[in-house]
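S.K.: Handing you a structure now.
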Amino acid sequence: MIPPRKITLPAAVTAAVLAFTSFVPAVAAETPKENLDPDRGNVVSVETEELDTVVEDPQLPSAPPKTGDKNPGATMGQRMKSMDETTNLSAESEAELAQVEKELDMQPAPAASASLGAVTPKTTASPQADPSSTQHVGPAGSMSLMIQANTWRPAGIAGMDVSGWQPTVNWSAEYSKGARFAYVKATEGTGYTSPSFASQYRGSYTVGMIRGAYHFALPSVSSGAAQADYFVNNGGGWSADGKTLPGLLDIEYNPYSSLGNTCYNMSQPQMNSWIKSFSDRYKQRTGRLPAIYTTTDWWRTCTGNTAQFNTHPLHIAAYNTTGAGAMPNGWSTYDIWQFSASGPFSGDSNQYRGSWSQLQSMASNRNYKPLGGRAPSTTTVSSTYKAGGGIGAVYRATGGAAKWGQPVMNEANAASGGRYQEFVRNGVKATAYWHPRTGAHFIRNTSSIGGKFIAAGRERGYGFPLTEERTIKGGAYQVFRAPSGRQTKVLWTPSTGSHPIKEKSAIGNFWAQRGQERGLGFPTTAEYRAGNEVRQQFSKGYVVRYNLSTGRTWMTRV
């Protein structure tokens, strides 16, 4: 591995997804060509706030990290690999790391070139650098390690998993090498969210990978249900879009000395109850079961080799070139095999055992049958939460469970003295908001209008919903009001998408006086600044313009 670079990064630099020069990934076997977009460029995810930890002094502390710490915490297979392997990057992603240093006007150490395409291949003193050597790693009896020159991979659909220890990933290069799916670390316990998650999750999606989020479980820290809630609330949800893998529960050897023994000082019945608590809550929140990552040795040791979870997709860890080995009880084979922590891909390298259509089913089908397990029950897990007060009243008045599903959390505080509560029906989430100035109304989180509301900052952006989402000729709309009285109407059509109208602004009044969407059409942009003017465009070819100096409002044709 390239020796660590001694750099100090500015604290103000935040996460970004960088697009560099044009790069057309090669097509891998078994992958539909429509996954490729030659115009997307060289997609790179970057989280510079973690670079100094990763490249300067990588080490795992004795206690779990907290959000805001620079240490990215534990990863899949943490106790079974060295820190060199924990920070593993492919040569292409190492090159991007050097490029980021250059972009930040940093000087990398002489051991690595800052020029793309001229990065020294990784080397390591560990035995896997020698194809003829083997090394026993992890707790006794866990697995053996024998990877040949960091390039071997089994036949099948290739994938990878990454965490904050891979703060710079060249997703286009990983895709070009054959990776077609990815798991990205989102959370750990109930106190840590990865700052790399958003850019990694977005970057893998952008190049055409099917991706999902994973949660590193800390069973002795809090209940399984609490950690499932934390995971879903911080990126670990699921949607049936065909591009999102089920959330992955990483349950394995305890890597922290402060949390006790290998099994977190928990008995086998306690561990099984914890996993069931996590699984039940995840299904309540998303409509489907999570996948499970583990090793056969840990599963036997800490769960008593229970078969009760074989309705969950199995992600098995076994670092070798001879096969995944014996399966935990209840599974005859695996869905995903993590076969290497040192390449060929950044992070860990994986293989999906089934066909491309089966992988797509794993992403899109809430009743997906594990390749080596049983089909899951279609019975909905009953909710332990209740809807009351104003939110409960609108919930029942607008269709209750038949329309919105079951509550998946207790009512909680929102901004500006408001309240909110989340509901899920068949994996589709909705949120009810209440404020004394607006009453209670629902947001459909997965609709285009709901997505626009969320992207704008939820109630801190547009304010609280004043109506439910309503259909009109050609589209739909929903109205929001801030406690200050500012009112925003978000309108949607299939051709324009969703865009806001500030109903009490000069442009909003002008649009309303001329017939709203029946007159000028639906908005195709939000209001935007153009010199001394504020402008907004509409679907019938009009641009409404407001002069900041004169206060004049008028329209022109595009």
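Ordering of the structure tokens sets the chain letters (A, B, ...); residue numbers start at 1 within each chain; ligands are numbered from 1 in the order shown.
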Pick out the residues sitting within 8 Å of range 328-331 of chain A, and hand them over as a short mmCIF file (atom, residue, chain, number, x, y, z; two decimals) with N, CA and C atoms, in the first residue's frame; count only C-alpha atoms, and ignore anything fewer than 2 positions along from it in its own chain.
M.R.:
```cif
data_model
loop_
_atom_site.label_atom_id
_atom_site.label_comp_id
_atom_site.auth_asym_id
_atom_site.auth_seq_id
_atom_site.Cartn_x
_atom_site.Cartn_y
_atom_site.Cartn_z
N THR A 295 -20.05 -13.79 9.39
CA THR A 295 -19.22 -14.95 9.06
C THR A 295 -19.87 -16.17 9.70
N THR A 296 -19.59 -17.33 9.13
CA THR A 296 -20.16 -18.56 9.66
C THR A 296 -19.67 -18.80 11.09
N TRP A 299 -21.48 -16.42 13.51
CA TRP A 299 -22.89 -16.81 13.62
C TRP A 299 -23.05 -18.03 14.53
N ARG A 300 -22.16 -19.01 14.37
CA ARG A 300 -22.22 -20.19 15.23
C ARG A 300 -21.92 -19.83 16.68
N ASN A 305 -25.88 -20.61 16.00
CA ASN A 305 -26.14 -21.12 14.64
C ASN A 305 -27.64 -21.23 14.37
N THR A 306 -28.39 -20.22 14.79
CA THR A 306 -29.82 -20.23 14.58
C THR A 306 -30.17 -20.19 13.09
N ALA A 307 -31.30 -20.80 12.73
CA ALA A 307 -31.78 -20.78 11.34
C ALA A 307 -32.96 -19.83 11.17
N GLN A 308 -33.32 -19.08 12.21
CA GLN A 308 -34.55 -18.31 12.17
C GLN A 308 -34.51 -17.10 11.24
N PHE A 309 -33.32 -16.73 10.75
CA PHE A 309 -33.21 -15.54 9.90
C PHE A 309 -32.91 -15.88 8.44
N ASN A 310 -33.18 -17.13 8.03
CA ASN A 310 -32.82 -17.52 6.66
C ASN A 310 -33.79 -17.00 5.61
N LEU A 314 -28.29 -13.33 2.49
CA LEU A 314 -27.05 -13.57 3.24
C LEU A 314 -25.85 -13.00 2.50
N ALA A 326 -18.40 -23.27 4.35
CA ALA A 326 -19.66 -23.68 4.96
C ALA A 326 -20.53 -22.47 5.28
N THR A 333 -26.70 -21.64 0.57
CA THR A 333 -25.68 -20.87 -0.14
C THR A 333 -25.87 -19.40 0.21
N TYR A 334 -25.04 -18.56 -0.36
CA TYR A 334 -25.06 -17.13 -0.07
C TYR A 334 -25.70 -16.37 -1.24
N GLY A 372 -30.22 -19.02 -1.03
CA GLY A 372 -30.04 -20.24 -0.26
C GLY A 372 -30.95 -20.35 0.94
N GLY A 373 -32.01 -19.53 0.98
CA GLY A 373 -32.88 -19.52 2.14
C GLY A 373 -34.35 -19.68 1.78
#
```
S.K.: As a VMD selection string, please: every residue in range 261-501 of chain A that a backbone DSSP assignment puts in helix (DSSP H, G or I).
M.R.: chain A and resid 268 to 286 296 to 303 356 to 364 389 to 397 400 to 404 415 to 417 448 to 455 458 to 460
S.K.: Write out the residues from the selection above, keeping C-alpha atoms, as an mmCIF file, in the first residue's frame.
M.R.:
```cif
data_model
loop_
_atom_site.group_PDB
_atom_site.id
_atom_site.type_symbol
_atom_site.label_atom_id
_atom_site.label_comp_id
_atom_site.auth_asym_id
_atom_site.auth_seq_id
_atom_site.Cartn_x
_atom_site.Cartn_y
_atom_site.Cartn_z
ATOM 1 C CA GLN A 268 -26.976 -16.349 22.244
ATOM 2 C CA PRO A 269 -30.684 -15.823 23.081
ATOM 3 C CA GLN A 270 -29.996 -12.131 23.745
ATOM 4 C CA MET A 271 -28.217 -11.776 20.403
ATOM 5 C CA ASN A 272 -31.035 -13.485 18.516
ATOM 6 C CA SER A 273 -33.591 -11.236 20.180
ATOM 7 C CA TRP A 274 -31.521 -8.192 19.231
ATOM 8 C CA ILE A 275 -31.309 -9.226 15.562
ATOM 9 C CA LYS A 276 -35.071 -9.882 15.496
ATOM 10 C CA SER A 277 -35.726 -6.459 17.010
ATOM 11 C CA PHE A 278 -33.608 -4.795 14.300
ATOM 12 C CA SER A 279 -35.196 -6.880 11.537
ATOM 13 C CA ASP A 280 -38.779 -6.299 12.682
ATOM 14 C CA ARG A 281 -38.299 -2.540 12.956
ATOM 15 C CA TYR A 282 -36.544 -2.347 9.588
ATOM 16 C CA LYS A 283 -39.468 -4.169 7.978
ATOM 17 C CA GLN A 284 -41.923 -1.825 9.718
ATOM 18 C CA ARG A 285 -40.044 1.164 8.347
ATOM 19 C CA THR A 286 -39.330 -0.046 4.805
ATOM 20 C CA THR A 296 -20.157 -18.563 9.665
ATOM 21 C CA ASP A 297 -17.840 -18.720 12.662
ATOM 22 C CA TRP A 298 -19.350 -15.646 14.360
ATOM 23 C CA TRP A 299 -22.887 -16.810 13.619
ATOM 24 C CA ARG A 300 -22.218 -20.188 15.233
ATOM 25 C CA THR A 301 -20.475 -18.621 18.225
ATOM 26 C CA CYS A 302 -22.824 -15.729 18.978
ATOM 27 C CA THR A 303 -26.266 -16.877 17.790
ATOM 28 C CA TRP A 356 -28.373 -10.200 -13.324
ATOM 29 C CA SER A 357 -32.172 -10.545 -13.213
ATOM 30 C CA GLN A 358 -31.933 -12.068 -9.717
ATOM 31 C CA LEU A 359 -29.784 -9.164 -8.519
ATOM 32 C CA GLN A 360 -32.367 -6.779 -9.935
ATOM 33 C CA SER A 361 -35.040 -8.729 -8.056
ATOM 34 C CA MET A 362 -33.067 -8.382 -4.835
ATOM 35 C CA ALA A 363 -33.136 -4.616 -5.412
ATOM 36 C CA SER A 364 -36.782 -4.260 -6.461
ATOM 37 C CA GLY A 389 -53.916 14.481 18.372
ATOM 38 C CA GLY A 390 -54.120 16.574 15.225
ATOM 39 C CA ILE A 391 -51.917 14.168 13.288
ATOM 40 C CA GLY A 392 -54.072 11.227 14.324
ATOM 41 C CA ALA A 393 -57.200 13.102 13.268
ATOM 42 C CA VAL A 394 -55.955 13.848 9.749
ATOM 43 C CA TYR A 395 -54.523 10.319 9.480
ATOM 44 C CA ARG A 396 -57.943 8.797 10.107
ATOM 45 C CA ALA A 397 -59.831 11.404 8.039
ATOM 46 C CA GLY A 400 -55.734 5.826 7.799
ATOM 47 C CA ALA A 401 -53.700 2.631 7.416
ATOM 48 C CA ALA A 402 -55.286 1.803 4.050
ATOM 49 C CA LYS A 403 -53.729 4.930 2.550
ATOM 50 C CA TRP A 404 -50.738 5.818 4.712
ATOM 51 C CA ALA A 415 -39.039 23.171 13.775
ATOM 52 C CA SER A 416 -40.832 26.334 14.916
ATOM 53 C CA GLY A 417 -43.058 24.603 17.465
ATOM 54 C CA SER A 448 -41.755 14.428 -6.844
ATOM 55 C CA ILE A 449 -43.374 17.182 -4.769
ATOM 56 C CA GLY A 450 -42.374 15.445 -1.538
ATOM 57 C CA GLY A 451 -38.815 15.124 -2.801
ATOM 58 C CA LYS A 452 -38.708 18.831 -3.621
ATOM 59 C CA PHE A 453 -39.984 19.677 -0.120
ATOM 60 C CA ILE A 454 -37.322 17.442 1.468
ATOM 61 C CA ALA A 455 -34.541 18.857 -0.735
ATOM 62 C CA ARG A 458 -38.433 20.234 4.912
ATOM 63 C CA GLU A 459 -40.370 22.549 7.237
ATOM 64 C CA ARG A 460 -37.297 24.775 7.612
#
```
S.K.: For range 428-444 of chain A, find every residue with an atom within 6 Å (counting only C-alpha atoms), except residues of its own chain fewer than 3 positions away, and show them as a ChimeraX atom specification.
M.R.: /A:390-391,418-425,447,450,465-466,468
S.K.: CA of Pro290 in chain A and CA of Thr311 in chain A are how many Å apart?
M.R.: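 Between CA of Pro290 in chain A and CA of Thr311 in chain A the gap works out to 9.5 Å.
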S.K.: Work out how far apart CA of Trp152 in chain A and CA of Thr322 in chain A are and give it in Å to one decimal.
M.R.: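 CA of Trp152 in chain A sits 10.9 Å away from CA of Thr322 in chain A.
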